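Pasting data_30.cif here (mmCIF, C-alpha atoms):
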data_query
loop_
_atom_site.label_atom_id
_atom_site.label_comp_id
_atom_site.auth_asym_id
_atom_site.auth_seq_id
_atom_site.Cartn_x
_atom_site.Cartn_y
_atom_site.Cartn_z
CA MET T 1 9.15 24.93 3.97
CA GLN T 2 10.37 24.28 7.52
CA ARG T 3 7.89 24.52 10.37
CA ARG T 4 8.47 24.45 14.13
CA MET T 5 7.93 20.96 15.45
CA SER T 6 7.38 19.51 18.91
CA THR T 7 10.00 17.11 20.26
CA GLU T 8 7.79 14.13 19.60
CA SER T 9 7.07 15.01 16.02
CA ARG T 10 10.68 15.86 15.28
CA GLN T 11 11.51 12.41 16.52
CA ALA T 12 8.60 10.99 14.56
CA SER T 13 9.71 12.52 11.29
CA GLY T 14 13.46 12.03 11.82
CA GLU T 15 13.40 9.90 8.72
CA SER T 16 11.47 11.34 5.81
CA PRO T 17 8.13 9.50 5.50
CA GLU T 18 8.24 9.97 1.74
CA ALA T 19 11.53 8.06 1.67
CA ARG T 20 9.95 5.10 3.47
CA ASN T 21 7.11 3.32 1.80
CA ILE T 22 4.15 3.88 4.05
CA PRO T 23 1.04 2.14 2.76
CA GLN T 24 -1.84 4.43 1.81
CA ALA T 25 -4.12 2.35 4.05
CA VAL T 26 -1.98 3.36 7.06
CA ILE T 27 -2.29 7.06 6.17
CA LYS T 28 -6.06 6.64 5.91
CA ARG T 29 -6.24 4.98 9.31
CA LEU T 30 -4.20 7.85 10.82
CA SER T 31 -7.01 10.19 9.76
CA LEU T 32 -9.52 7.90 11.46
CA TYR T 33 -7.46 7.80 14.68
CA SER T 34 -7.17 11.55 14.52
CA ARG T 35 -10.97 11.91 14.43
CA VAL T 36 -11.51 9.60 17.38
CA LEU T 37 -8.92 11.61 19.35
CA GLN T 38 -10.69 14.87 18.42
CA ALA T 39 -13.94 13.49 19.82
CA LEU T 40 -12.23 12.23 23.00
CA GLU T 41 -10.62 15.60 23.62
CA MET T 42 -13.99 17.30 23.35
CA GLN T 43 -15.19 14.92 26.07
CA ASN T 44 -12.12 15.89 28.21
CA ILE T 45 -10.75 12.35 28.09
CA GLU T 46 -6.98 12.52 28.68
CA LYS T 47 -5.71 9.07 27.86
CA ILE T 48 -6.67 6.03 25.81
CA SER T 49 -5.30 2.51 25.27
CA SER T 50 -4.49 1.17 21.82
CA ALA T 51 -7.20 -1.48 22.39
CA GLU T 52 -9.88 1.14 23.06
CA LEU T 53 -8.72 3.42 20.22
CA GLY T 54 -8.89 0.43 17.89
CA ARG T 55 -12.23 -0.78 19.23
CA GLN T 56 -13.91 2.50 18.36
CA LEU T 57 -12.97 1.91 14.72
CA GLY T 58 -13.24 -1.86 14.51
CA PHE T 59 -9.45 -2.49 14.48
CA ASN T 60 -7.48 -4.49 17.04
CA SER T 61 -4.79 -3.01 19.29
CA ALA T 62 -1.94 -4.61 17.33
CA GLN T 63 -3.11 -2.80 14.20
CA VAL T 64 -3.14 0.54 16.02
CA ARG T 65 0.33 0.04 17.49
CA LYS T 66 1.74 -1.16 14.18
CA ASP T 67 0.30 1.84 12.28
CA LEU T 68 1.64 4.38 14.76
CA ALA T 69 5.05 2.66 14.94
CA PHE T 70 5.67 3.79 11.34
CA PHE T 71 6.03 7.33 12.68
CA GLY T 72 7.70 6.96 16.07
CA GLN T 73 7.13 5.93 19.67
CA PHE T 74 3.97 7.61 20.90
CA GLY T 75 2.47 5.41 23.61
CA VAL T 76 3.56 4.61 27.13
CA PRO T 77 3.69 0.81 27.59
CA GLY T 78 1.00 -0.40 30.00
CA PHE T 79 -0.62 3.05 30.00
CA GLY T 80 -1.65 3.96 26.48
CA TYR T 81 -1.60 7.33 24.75
CA TYR T 82 -2.07 10.88 25.96
CA VAL T 83 -5.02 11.96 23.81
CA GLU T 84 -3.96 15.58 23.20
CA ASP T 85 -0.32 14.68 22.51
CA LEU T 86 -1.20 11.98 20.04
CA ARG T 87 -3.78 14.15 18.30
CA ILE T 88 -1.24 16.98 17.82
CA ASN T 89 1.33 14.53 16.52
CA LEU T 90 -1.08 12.96 14.05
CA ARG T 91 -2.19 16.36 12.84
CA HIS T 92 1.42 17.20 12.15
CA ILE T 93 2.12 13.90 10.42
CA LEU T 94 -0.96 14.37 8.25
CA GLY T 95 0.10 17.91 7.33
CA LYS T 96 -3.01 19.24 9.04
CA ASP T 97 -1.36 21.66 11.49
CA ARG T 98 -2.11 24.35 8.93
CA THR T 99 -5.02 24.89 6.56
CA VAL T 100 -4.69 22.73 3.45
CA ARG T 101 -5.51 24.76 0.34
CA VAL T 102 -7.70 23.15 -2.29
CA ILE T 103 -9.09 24.08 -5.71
CA LEU T 104 -11.81 22.30 -7.67
CA LEU T 105 -11.85 21.76 -11.41
CA GLY T 106 -15.24 21.06 -12.96
CA VAL T 107 -18.33 22.39 -11.17
CA GLY T 108 -20.95 20.05 -12.65
CA ASN T 109 -23.32 17.97 -10.51
CA LEU T 110 -20.60 16.23 -8.55
CA GLY T 111 -18.37 19.33 -8.43
CA SER T 112 -21.26 21.38 -7.01
CA ALA T 113 -21.58 18.92 -4.17
CA LEU T 114 -17.83 18.88 -3.57
CA ILE T 115 -17.29 22.65 -3.61
CA SER T 116 -19.62 23.19 -0.66
CA TYR T 117 -19.06 19.85 1.05
CA GLY T 118 -19.20 20.55 4.80
CA GLY T 119 -16.86 17.69 5.66
CA PHE T 120 -13.93 19.42 3.93
CA THR T 121 -14.21 22.67 5.88
CA LYS T 122 -14.80 20.80 9.12
CA GLN T 123 -11.58 18.84 8.62
CA GLY T 124 -9.44 21.93 8.01
CA PHE T 125 -9.49 22.21 4.24
CA ALA T 126 -10.01 25.57 2.55
CA MET T 127 -11.74 25.45 -0.82
CA LEU T 128 -10.23 28.46 -2.60
CA ARG T 129 -11.71 28.43 -6.09
CA GLY T 130 -13.87 26.47 -8.45
CA PHE T 131 -13.03 26.42 -12.16
CA ASP T 132 -15.52 25.61 -14.88
CA ILE T 133 -15.75 26.17 -18.63
CA ASP T 134 -19.15 27.77 -18.02
CA PRO T 135 -18.69 29.66 -14.72
CA ASP T 136 -22.09 31.42 -14.91
CA ARG T 137 -24.02 28.17 -15.10
CA ALA T 138 -21.76 26.58 -12.50
CA ARG T 139 -22.44 29.46 -10.07
CA GLU T 140 -26.20 29.00 -10.47
CA ARG T 141 -25.89 25.30 -9.83
CA ALA T 142 -23.49 25.36 -6.91
CA HIS T 143 -25.00 27.89 -4.44
CA THR T 144 -21.65 28.54 -2.76
CA ASP T 145 -19.56 31.47 -1.49
CA VAL T 146 -16.48 29.94 -3.09
CA PRO T 147 -15.58 32.00 -6.19
CA ILE T 148 -16.14 30.10 -9.43
CA VAL T 149 -14.17 31.36 -12.42
CA SER T 150 -13.49 30.28 -15.98
CA THR T 151 -11.08 27.41 -16.56
CA THR T 152 -9.22 29.70 -18.97
CA GLN T 153 -8.09 31.68 -15.89
CA LEU T 154 -6.56 28.63 -14.17
CA GLU T 155 -2.90 29.54 -14.73
CA GLN T 156 -3.40 33.18 -13.78
CA GLU T 157 -5.39 32.40 -10.60
CA VAL T 158 -3.27 29.52 -9.34
CA GLY T 159 -0.09 31.48 -9.97
CA SER T 160 -0.99 33.88 -7.17
CA MET T 161 -2.34 31.25 -4.74
CA ASP T 162 -0.54 28.59 -2.76
CA VAL T 163 -2.49 25.47 -3.79
CA ASP T 164 -1.87 22.13 -2.07
CA ILE T 165 -4.45 19.87 -3.68
CA ALA T 166 -6.56 20.01 -6.84
CA VAL T 167 -9.84 18.10 -6.96
CA LEU T 168 -10.68 16.93 -10.46
CA ALA T 169 -14.36 16.52 -11.43
CA VAL T 170 -14.31 17.46 -15.13
CA PRO T 171 -15.75 15.34 -17.99
CA ALA T 172 -13.59 12.31 -18.78
CA SER T 173 -12.52 13.74 -22.14
CA GLN T 174 -10.88 16.73 -20.39
CA ALA T 175 -9.26 14.92 -17.46
CA GLN T 176 -5.77 14.34 -18.89
CA GLU T 177 -5.50 17.85 -20.33
CA MET T 178 -6.49 19.37 -16.98
CA ALA T 179 -4.02 17.11 -15.16
CA ASP T 180 -1.25 18.28 -17.50
CA ARG T 181 -2.07 21.90 -16.73
CA LEU T 182 -2.07 21.22 -12.97
CA VAL T 183 1.28 19.45 -13.19
CA ALA T 184 2.72 22.36 -15.19
CA LEU T 185 1.57 24.67 -12.37
CA GLY T 186 3.58 22.64 -9.86
CA ILE T 187 0.61 21.04 -8.09
CA LYS T 188 1.72 17.79 -6.46
CA ALA T 189 -1.55 16.23 -5.32
CA ILE T 190 -4.72 15.49 -7.28
CA LEU T 191 -7.92 13.95 -5.96
CA ASN T 192 -9.44 12.51 -9.12
CA PHE T 193 -13.17 11.78 -9.32
CA VAL T 194 -12.98 11.14 -13.06
CA PRO T 195 -12.85 7.43 -13.99
CA VAL T 196 -9.77 7.98 -16.15
CA ARG T 197 -6.26 6.84 -15.28
CA LEU T 198 -4.01 9.96 -15.44
CA ASN T 199 -0.47 10.10 -16.75
CA THR T 200 1.49 12.19 -14.24
CA PRO T 201 5.14 12.43 -13.15
CA PRO T 202 6.18 10.19 -10.21
CA ASP T 203 6.35 13.11 -7.75
CA VAL T 204 2.66 13.93 -8.27
CA HIS T 205 0.30 11.98 -6.00
CA VAL T 206 -3.04 11.07 -7.53
CA ARG T 207 -5.85 9.47 -5.55
CA TYR T 208 -8.73 7.99 -7.49
CA VAL T 209 -12.28 8.06 -6.18
CA ASP T 210 -14.55 6.14 -8.50
CA LEU T 211 -18.08 6.22 -7.13
CA ALA T 212 -19.45 3.61 -9.54
CA LEU T 213 -16.61 1.30 -8.52
CA GLU T 214 -17.66 1.57 -4.88
CA LEU T 215 -21.16 0.57 -5.89
CA GLU T 216 -19.84 -2.30 -8.00
CA SER T 217 -17.81 -3.75 -5.19
CA LEU T 218 -21.07 -3.91 -3.20
CA SER T 219 -23.07 -5.47 -6.02
CA TYR T 220 -20.73 -8.45 -5.74
CA TYR T 221 -22.20 -9.16 -2.30
CA VAL T 222 -25.86 -8.95 -3.33
CA ARG T 223 -25.81 -11.25 -6.36
CA MET N 224 -32.62 -16.85 -7.36
CA GLN N 225 -30.96 -19.20 -9.86
CA ARG N 226 -29.74 -17.78 -13.16
CA ARG N 227 -28.45 -19.55 -16.23
CA MET N 228 -24.67 -19.61 -16.24
CA SER N 229 -22.04 -20.36 -18.84
CA THR N 230 -19.80 -23.37 -18.25
CA GLU N 231 -16.91 -21.16 -17.22
CA SER N 232 -18.88 -19.23 -14.67
CA ARG N 233 -20.50 -22.30 -13.20
CA GLN N 234 -16.99 -23.63 -12.78
CA ALA N 235 -15.88 -20.28 -11.42
CA SER N 236 -18.56 -20.13 -8.77
CA GLY N 237 -18.49 -23.83 -7.88
CA GLU N 238 -17.45 -22.76 -4.43
CA SER N 239 -19.48 -19.91 -2.99
CA PRO N 240 -17.36 -16.73 -3.06
CA GLU N 241 -19.11 -15.54 0.09
CA ALA N 242 -17.84 -18.64 1.88
CA ARG N 243 -14.24 -17.85 0.99
CA ASN N 244 -12.71 -14.65 2.22
CA ILE N 245 -12.02 -12.64 -0.89
CA PRO N 246 -10.34 -9.31 -0.10
CA GLN N 247 -12.36 -6.22 -1.02
CA ALA N 248 -9.34 -4.93 -2.97
CA VAL N 249 -9.62 -7.95 -5.30
CA ILE N 250 -13.33 -7.26 -5.93
CA LYS N 251 -12.46 -3.65 -6.75
CA ARG N 252 -9.78 -4.72 -9.21
CA LEU N 253 -12.25 -7.10 -10.90
CA SER N 254 -14.37 -4.04 -11.72
CA LEU N 255 -11.32 -2.33 -13.18
CA TYR N 256 -10.46 -5.40 -15.30
CA SER N 257 -14.05 -5.51 -16.42
CA ARG N 258 -13.86 -1.91 -17.69
CA VAL N 259 -10.66 -2.50 -19.62
CA LEU N 260 -12.27 -5.55 -21.23
CA GLN N 261 -15.37 -3.50 -22.16
CA ALA N 262 -13.12 -0.99 -23.92
CA LEU N 263 -11.16 -3.73 -25.72
CA GLU N 264 -14.34 -5.38 -26.94
CA MET N 265 -15.51 -2.08 -28.40
CA GLN N 266 -12.23 -1.96 -30.33
CA ASN N 267 -12.88 -5.55 -31.57
CA ILE N 268 -9.81 -6.89 -29.76
CA GLU N 269 -10.32 -10.60 -29.14
CA LYS N 270 -7.56 -11.61 -26.76
CA ILE N 271 -5.26 -10.06 -24.19
CA SER N 272 -2.36 -11.24 -22.02
CA SER N 273 -2.36 -10.82 -18.24
CA ALA N 274 0.68 -8.54 -18.66
CA GLU N 275 -1.15 -6.21 -21.04
CA LEU N 276 -4.36 -6.25 -19.00
CA GLY N 277 -2.32 -5.34 -15.92
CA ARG N 278 -0.27 -2.71 -17.72
CA GLN N 279 -3.38 -0.74 -18.69
CA LEU N 280 -4.14 -0.37 -14.98
CA GLY N 281 -0.65 -0.14 -13.52
CA PHE N 282 -0.63 -3.70 -12.07
CA ASN N 283 1.79 -6.49 -12.97
CA SER N 284 0.75 -9.75 -14.63
CA ALA N 285 1.19 -11.78 -11.43
CA GLN N 286 -1.38 -9.54 -9.71
CA VAL N 287 -3.87 -10.07 -12.52
CA ARG N 288 -3.42 -13.84 -12.52
CA LYS N 289 -3.62 -14.03 -8.72
CA ASP N 290 -6.82 -11.96 -8.59
CA LEU N 291 -8.57 -14.03 -11.27
CA ALA N 292 -7.42 -17.31 -9.72
CA PHE N 293 -9.73 -16.61 -6.77
CA PHE N 294 -12.65 -17.33 -9.09
CA GLY N 295 -11.47 -20.07 -11.43
CA GLN N 296 -9.23 -20.83 -14.37
CA PHE N 297 -9.91 -18.27 -17.07
CA GLY N 298 -6.76 -17.88 -19.14
CA VAL N 299 -5.02 -20.13 -21.59
CA PRO N 300 -1.32 -20.52 -20.61
CA GLY N 301 0.98 -18.86 -23.15
CA PHE N 302 -2.01 -17.25 -24.88
CA GLY N 303 -3.85 -15.04 -22.42
CA TYR N 304 -7.57 -14.41 -22.10
CA TYR N 305 -10.43 -14.30 -24.58
CA VAL N 306 -11.70 -10.76 -24.06
CA GLU N 307 -15.43 -11.45 -24.45
CA ASP N 308 -15.36 -14.65 -22.37
CA LEU N 309 -13.52 -13.02 -19.52
CA ARG N 310 -15.74 -9.95 -19.58
CA ILE N 311 -18.90 -12.08 -19.39
CA ASN N 312 -17.41 -14.11 -16.54
CA LEU N 313 -16.43 -11.01 -14.58
CA ARG N 314 -19.85 -9.47 -15.09
CA HIS N 315 -21.39 -12.58 -13.64
CA ILE N 316 -18.96 -12.72 -10.71
CA LEU N 317 -19.66 -9.07 -9.96
CA GLY N 318 -23.42 -9.64 -10.07
CA LYS N 319 -23.67 -7.31 -13.06
CA ASP N 320 -25.40 -9.67 -15.52
CA ARG N 321 -28.63 -8.00 -14.44
CA THR N 322 -29.49 -4.41 -13.50
CA VAL N 323 -28.51 -3.69 -9.90
CA ARG N 324 -31.31 -1.77 -8.15
CA VAL N 325 -30.33 1.17 -6.00
CA ILE N 326 -32.09 3.70 -3.76
CA LEU N 327 -30.66 6.90 -2.29
CA LEU N 328 -31.37 8.25 1.18
CA GLY N 329 -30.72 11.95 1.70
CA VAL N 330 -30.95 14.23 -1.34
CA GLY N 331 -28.85 17.15 -0.08
CA ASN N 332 -25.88 18.57 -1.98
CA LEU N 333 -24.01 15.29 -2.21
CA GLY N 334 -27.19 13.25 -2.67
CA SER N 335 -28.23 15.48 -5.59
CA ALA N 336 -24.95 14.72 -7.30
CA LEU N 337 -25.27 11.00 -6.61
CA ILE N 338 -28.90 10.59 -7.74
CA SER N 339 -28.11 11.74 -11.27
CA TYR N 340 -24.50 10.51 -11.41
CA GLY N 341 -23.94 9.34 -14.98
CA GLY N 342 -21.32 6.80 -13.97
CA PHE N 343 -23.91 4.71 -12.12
CA THR N 344 -26.27 4.36 -15.08
CA LYS N 345 -23.40 3.73 -17.44
CA GLN N 346 -22.21 0.84 -15.28
CA GLY N 347 -25.61 -0.86 -15.17
CA PHE N 348 -27.09 0.50 -11.95
CA ALA N 349 -30.70 1.67 -11.82
CA MET N 350 -31.43 4.47 -9.38
CA LEU N 351 -35.04 3.76 -8.41
CA ARG N 352 -35.92 6.38 -5.80
CA GLY N 353 -34.53 9.21 -3.73
CA PHE N 354 -35.80 9.73 -0.17
CA ASP N 355 -35.56 13.01 1.69
CA ILE N 356 -37.27 14.55 4.71
CA ASP N 357 -38.08 17.55 2.50
CA PRO N 358 -38.84 16.01 -0.90
CA ASP N 359 -40.06 19.28 -2.47
CA ARG N 360 -36.81 21.08 -1.77
CA ALA N 361 -34.82 18.01 -2.78
CA ARG N 362 -36.62 17.85 -6.13
CA GLU N 363 -35.78 21.50 -6.84
CA ARG N 364 -32.15 20.90 -5.99
CA ALA N 365 -31.60 17.62 -7.81
CA HIS N 366 -32.96 18.21 -11.36
CA THR N 367 -33.50 14.51 -11.98
CA ASP N 368 -36.11 12.19 -13.45
CA VAL N 369 -35.67 9.82 -10.51
CA PRO N 370 -38.74 10.12 -8.23
CA ILE N 371 -37.91 11.75 -4.89
CA VAL N 372 -40.35 10.99 -2.08
CA SER N 373 -40.58 11.60 1.65
CA THR N 374 -38.44 9.47 3.96
CA THR N 375 -41.61 8.63 5.87
CA GLN N 376 -42.63 6.54 2.82
CA LEU N 377 -39.45 4.43 2.89
CA GLU N 378 -41.01 1.21 4.24
CA GLN N 379 -44.04 1.44 1.97
CA GLU N 380 -42.00 2.15 -1.21
CA VAL N 381 -39.20 -0.33 -0.61
CA GLY N 382 -41.70 -3.05 0.29
CA SER N 383 -42.90 -3.14 -3.31
CA MET N 384 -39.47 -2.79 -4.95
CA ASP N 385 -36.61 -5.24 -5.17
CA VAL N 386 -33.74 -3.13 -3.80
CA ASP N 387 -30.15 -4.39 -3.93
CA ILE N 388 -28.18 -1.46 -2.53
CA ALA N 389 -29.03 1.65 -0.51
CA VAL N 390 -26.80 4.71 -0.80
CA LEU N 391 -26.72 6.72 2.43
CA ALA N 392 -26.12 10.49 2.23
CA VAL N 393 -28.19 11.77 5.17
CA PRO N 394 -26.92 14.07 7.94
CA ALA N 395 -24.65 12.28 10.44
CA SER N 396 -27.24 12.49 13.21
CA GLN N 397 -29.70 10.41 11.15
CA ALA N 398 -27.30 7.82 9.74
CA GLN N 399 -27.72 5.04 12.33
CA GLU N 400 -31.51 5.38 12.45
CA MET N 401 -31.70 5.15 8.66
CA ALA N 402 -29.36 2.15 8.64
CA ASP N 403 -31.62 0.41 11.18
CA ARG N 404 -34.64 0.99 8.97
CA LEU N 405 -32.79 -0.35 5.91
CA VAL N 406 -31.69 -3.45 7.79
CA ALA N 407 -35.26 -4.03 8.99
CA LEU N 408 -36.34 -3.89 5.34
CA GLY N 409 -33.92 -6.70 4.51
CA ILE N 410 -31.43 -4.59 2.55
CA LYS N 411 -28.03 -6.28 2.62
CA ALA N 412 -25.72 -3.67 1.11
CA ILE N 413 -25.21 -0.03 2.05
CA LEU N 414 -22.87 2.47 0.41
CA ASN N 415 -22.33 4.98 3.21
CA PHE N 416 -21.17 8.53 2.43
CA VAL N 417 -21.80 9.66 6.01
CA PRO N 418 -18.64 9.79 8.18
CA VAL N 419 -20.30 7.67 10.87
CA ARG N 420 -19.47 4.04 11.66
CA LEU N 421 -22.74 2.07 11.40
CA ASN N 422 -23.83 -0.78 13.65
CA THR N 423 -25.26 -3.43 11.35
CA PRO N 424 -25.64 -7.23 11.48
CA PRO N 425 -22.74 -9.29 10.03
CA ASP N 426 -24.71 -10.25 6.91
CA VAL N 427 -25.11 -6.60 5.88
CA HIS N 428 -22.23 -5.24 3.80
CA VAL N 429 -21.39 -1.60 4.38
CA ARG N 430 -18.85 0.29 2.30
CA TYR N 431 -17.66 3.64 3.61
CA VAL N 432 -16.79 6.49 1.28
CA ASP N 433 -15.44 9.41 3.29
CA LEU N 434 -14.56 12.20 0.89
CA ALA N 435 -12.71 14.28 3.50
CA LEU N 436 -10.63 11.23 4.33
CA GLU N 437 -9.55 10.92 0.70
CA LEU N 438 -8.43 14.54 0.80
CA GLU N 439 -6.62 13.99 4.10
CA SER N 440 -4.67 11.06 2.80
CA LEU N 441 -3.40 13.39 0.06
CA SER N 442 -2.57 16.24 2.43
CA TYR N 443 -0.01 13.89 3.99
CA TYR N 444 1.96 14.01 0.75
CA VAL N 445 1.97 17.81 0.40
CA ARG N 446 3.14 18.75 3.91
#
Let me see the file written as structure tokens.
Amino acid sequence: MQRRMSTESRQASGESPEARNIPQAVIKRLSLYSRVLQALEMQNIEKISSAELGRQLGFNSAQVRKDLAFFGQFGVPGFGYYVEDLRINLRHILGKDRTVRVILLGVGNLGSALISYGGFTKQGFAMLRGFDIDPDRARERAHTDVPIVSTTQLEQEVGSMDVDIAVLAVPASQAQEMADRLVALGIKAILNFVPVRLNTPPDVHVRYVDLALELESLSYYVR
Amino acid sequence: MQRRMSTESRQASGESPEARNIPQAVIKRLSLYSRVLQALEMQNIEKISSAELGRQLGFNSAQVRKDLAFFGQFGVPGFGYYVEDLRINLRHILGKDRTVRVILLGVGNLGSALISYGGFTKQGFAMLRGFDIDPDRARERAHTDVPIVSTTQLEQEVGSMDVDIAVLAVPASQAQEMADRLVALGIKAILNFVPVRLNTPPDVHVRYVDLALELESLSYYVR
């Protein structure tokens, strides 16, 4: 789908970012830059140097310039960045200049927290539906306005919605089956909270969030 | 505290890992290797090559060998690794040859999911206490056997426990204050789910898990 772009972002995306190999860590840092810029704009700050932008996040200026250089020429040498301009450009690069449409599969303990997670809404994500094998129990647990329906209705519901990302929080034994159904529905991005490696086609992006793994990588430091 | 070590692990930790600069990504992969080895042991598989160990996780054999080389010489050239030996060594390196003691601060929606998260228990973590400013409401929400007490009791409770890691899931406005209190209590590792950068001394390890950021890094791929 083609969207109207500003001059800067057209220049920035002259070459398809998918075609280049942009490290996931860079994409993550873009989100962080974008948040700092949001905060600056709310304080009516109009420009910022790469050094200051980096400092607020604990990165150096070279890192900031290198990350942004993947996407085009945004700064003015010796001056820095226009806050609003850069924020709009980053939003576009991150696909955030529209609402990103999300569904959740598995409304257990973790799913209940995710379906009503304030951070998602705040960052421009719309949680459209929750799916659970026991939707009545899930509704009781989740306390949310997001409709929760039976997993058996997945194909029917998703068929009439435009879903960008599916969040997977089902039991491990169901993860691959659910992933297969999502892939069959044409969903290209899965945020997977299940500690199971999924088999998916190369054009489907899967990000793994393994909460126990985060804890483990800390336990290394407290031995 | 000194613990008995096997010959291999004494050799492996001859140099203090803290003194060297081991990338966090390597530590994370060690946990992944450790899980594959757990699964192999349960299937009574006695040895594995670096190629096969890597394949199960989508890494190549060079990656596996390079990661393990940070900690010592574990494999037998042309043979591979003894599954049980390597698993025991990795457990020790990761500080998992004892129960890692965890507390949770903030038992809201996300905190409720975290306090009873099965993955933590399964991976050898003990969730000792939850703390919330409204412990009665938190208890209703969380449905857990883990005691949930008032945040005002933090210093008193932690003083008598041996806490390794604190998980932070409080509102953003309280994150820094809570971190300060944890640091004052001598806690050296914080898993932070709050999208706020914390100011902590250099000897305190903080890992950030920003769920909206994970979603954002996916939205880039579905523009």
Expected selection from the PyMOL selection byres ((chain T) within 7 of (chain N)), given as a PDB file with C-alpha atoms, keeping the file's coordinate frame:
ATOM      1  CA  ILE T  27      -2.290   7.060   6.170  1.00  0.00           C
ATOM      2  CA  LYS T  28      -6.060   6.640   5.910  1.00  0.00           C
ATOM      3  CA  SER T  31      -7.010  10.190   9.760  1.00  0.00           C
ATOM      4  CA  ILE T  93       2.120  13.900  10.420  1.00  0.00           C
ATOM      5  CA  LEU T  94      -0.960  14.370   8.250  1.00  0.00           C
ATOM      6  CA  GLY T  95       0.100  17.910   7.330  1.00  0.00           C
ATOM      7  CA  VAL T 100      -4.690  22.730   3.450  1.00  0.00           C
ATOM      8  CA  ASN T 109     -23.320  17.970 -10.510  1.00  0.00           C
ATOM      9  CA  LEU T 110     -20.600  16.230  -8.550  1.00  0.00           C
ATOM     10  CA  ALA T 113     -21.580  18.920  -4.170  1.00  0.00           C
ATOM     11  CA  GLY T 119     -16.860  17.690   5.660  1.00  0.00           C
ATOM     12  CA  PHE T 120     -13.930  19.420   3.930  1.00  0.00           C
ATOM     13  CA  GLN T 123     -11.580  18.840   8.620  1.00  0.00           C
ATOM     14  CA  ASP T 164      -1.870  22.130  -2.070  1.00  0.00           C
ATOM     15  CA  LYS T 188       1.720  17.790  -6.460  1.00  0.00           C
ATOM     16  CA  ALA T 189      -1.550  16.230  -5.320  1.00  0.00           C
ATOM     17  CA  LEU T 191      -7.920  13.950  -5.960  1.00  0.00           C
ATOM     18  CA  ALA T 212     -19.450   3.610  -9.540  1.00  0.00           C
ATOM     19  CA  LEU T 213     -16.610   1.300  -8.520  1.00  0.00           C
ATOM     20  CA  LEU T 215     -21.160   0.570  -5.890  1.00  0.00           C
ATOM     21  CA  GLU T 216     -19.840  -2.300  -8.000  1.00  0.00           C
ATOM     22  CA  SER T 217     -17.810  -3.750  -5.190  1.00  0.00           C
ATOM     23  CA  LEU T 218     -21.070  -3.910  -3.200  1.00  0.00           C
ATOM     24  CA  SER T 219     -23.070  -5.470  -6.020  1.00  0.00           C
ATOM     25  CA  TYR T 220     -20.730  -8.450  -5.740  1.00  0.00           C
ATOM     26  CA  VAL T 222     -25.860  -8.950  -3.330  1.00  0.00           C
ATOM     27  CA  ARG T 223     -25.810 -11.250  -6.360  1.00  0.00           C
TER      28      ARG T 223
END
Centre and edge lengths, as AutoDock Vina command-line options, for the axis-aligned box enclosing every listed atom of region 369-388 of chain N with 5 Å of padding on each of the six sides, in Å to one decimal?
--center_x -36.1 --center_y 3.3 --center_z -2.3 --size_x 25.9 --size_y 27.0 --size_z 26.4
I would like the residues chosen by the PyMOL selection byres ((chain N and resi 297) around 9) on the shown file; could you give them as a PyMOL selection string? chain N and resi 231+235+291-292+294-296+298-299+303-305+308-309+312
Take the residues from that selection and put them in a file with C-alpha atoms, as a CSV table (one decimal), in the coordinates of the input.
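Result saved to out22.csv:
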chain,number,residue,atom,x,y,z
N,231,GLU,CA,-16.9,-21.2,-17.2
N,235,ALA,CA,-15.9,-20.3,-11.4
N,291,LEU,CA,-8.6,-14.0,-11.3
N,292,ALA,CA,-7.4,-17.3,-9.7
N,294,PHE,CA,-12.6,-17.3,-9.1
N,295,GLY,CA,-11.5,-20.1,-11.4
N,296,GLN,CA,-9.2,-20.8,-14.4
N,298,GLY,CA,-6.8,-17.9,-19.1
N,299,VAL,CA,-5.0,-20.1,-21.6
N,303,GLY,CA,-3.8,-15.0,-22.4
N,304,TYR,CA,-7.6,-14.4,-22.1
N,305,TYR,CA,-10.4,-14.3,-24.6
N,308,ASP,CA,-15.4,-14.6,-22.4
N,309,LEU,CA,-13.5,-13.0,-19.5
N,312,ASN,CA,-17.4,-14.1,-16.5
Separation of CA of Asn199 (chain T) from CA of Pro135 (chain T), in Å and rounded to one decimal: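 Computed distance, CA of Asn199 (chain T) to CA of Pro135 (chain T), equals 26.8 Å.
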With a distance cut-off of 7 Å and only C-alpha atoms, select the neighbouring residues of Ser150 (chain T), excluding the residue or stretch itself and same-chain residues fewer than 6 positions from it, and output the selection as a PDB file with C-alpha atoms, in the coordinates of the input.
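Result file follows (out-v6.pdb):
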ATOM      1  CA  PHE T 131     -13.030  26.420 -12.160  1.00  0.00           C
ATOM      2  CA  ASP T 132     -15.520  25.610 -14.880  1.00  0.00           C
ATOM      3  CA  ILE T 133     -15.750  26.170 -18.630  1.00  0.00           C
ATOM      4  CA  ASP T 134     -19.150  27.770 -18.020  1.00  0.00           C
ATOM      5  CA  PRO T 135     -18.690  29.660 -14.720  1.00  0.00           C
TER       6      PRO T 135
END
CA of Asp67 (chain T) and CA of Gln43 (chain T) are how many Å apart?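 Separation of CA of Asp67 (chain T) and CA of Gln43 (chain T): 24.5 Å.
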How far is it from CA of Val372 (chain N) to CA of Glu400 (chain N), in Å with one decimal?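 Computing the Euclidean distance for CA of Val372 (chain N) and CA of Glu400 (chain N) yields 17.9 Å.
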Between N:Met401, N:Leu276, N:Leu421, N:Leu391, which one has atoms that come closest to Ala262 (chain N), using all atoms listed in the file?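 Residue with the minimum atom-to-atom distance to Ala262 (chain N): N:Leu276.
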Counting only C-alpha atoms, which residues come within 10 Å of (2.1, -9.3, -23.6), with the point read in the file's coordinates, and could you list them as a list in words? Ile271, Ser272, Ser273, Ala274, Glu275, Leu276, Gly277, Arg278, Ser284, Gly301, Phe302 and Gly303 of chain N
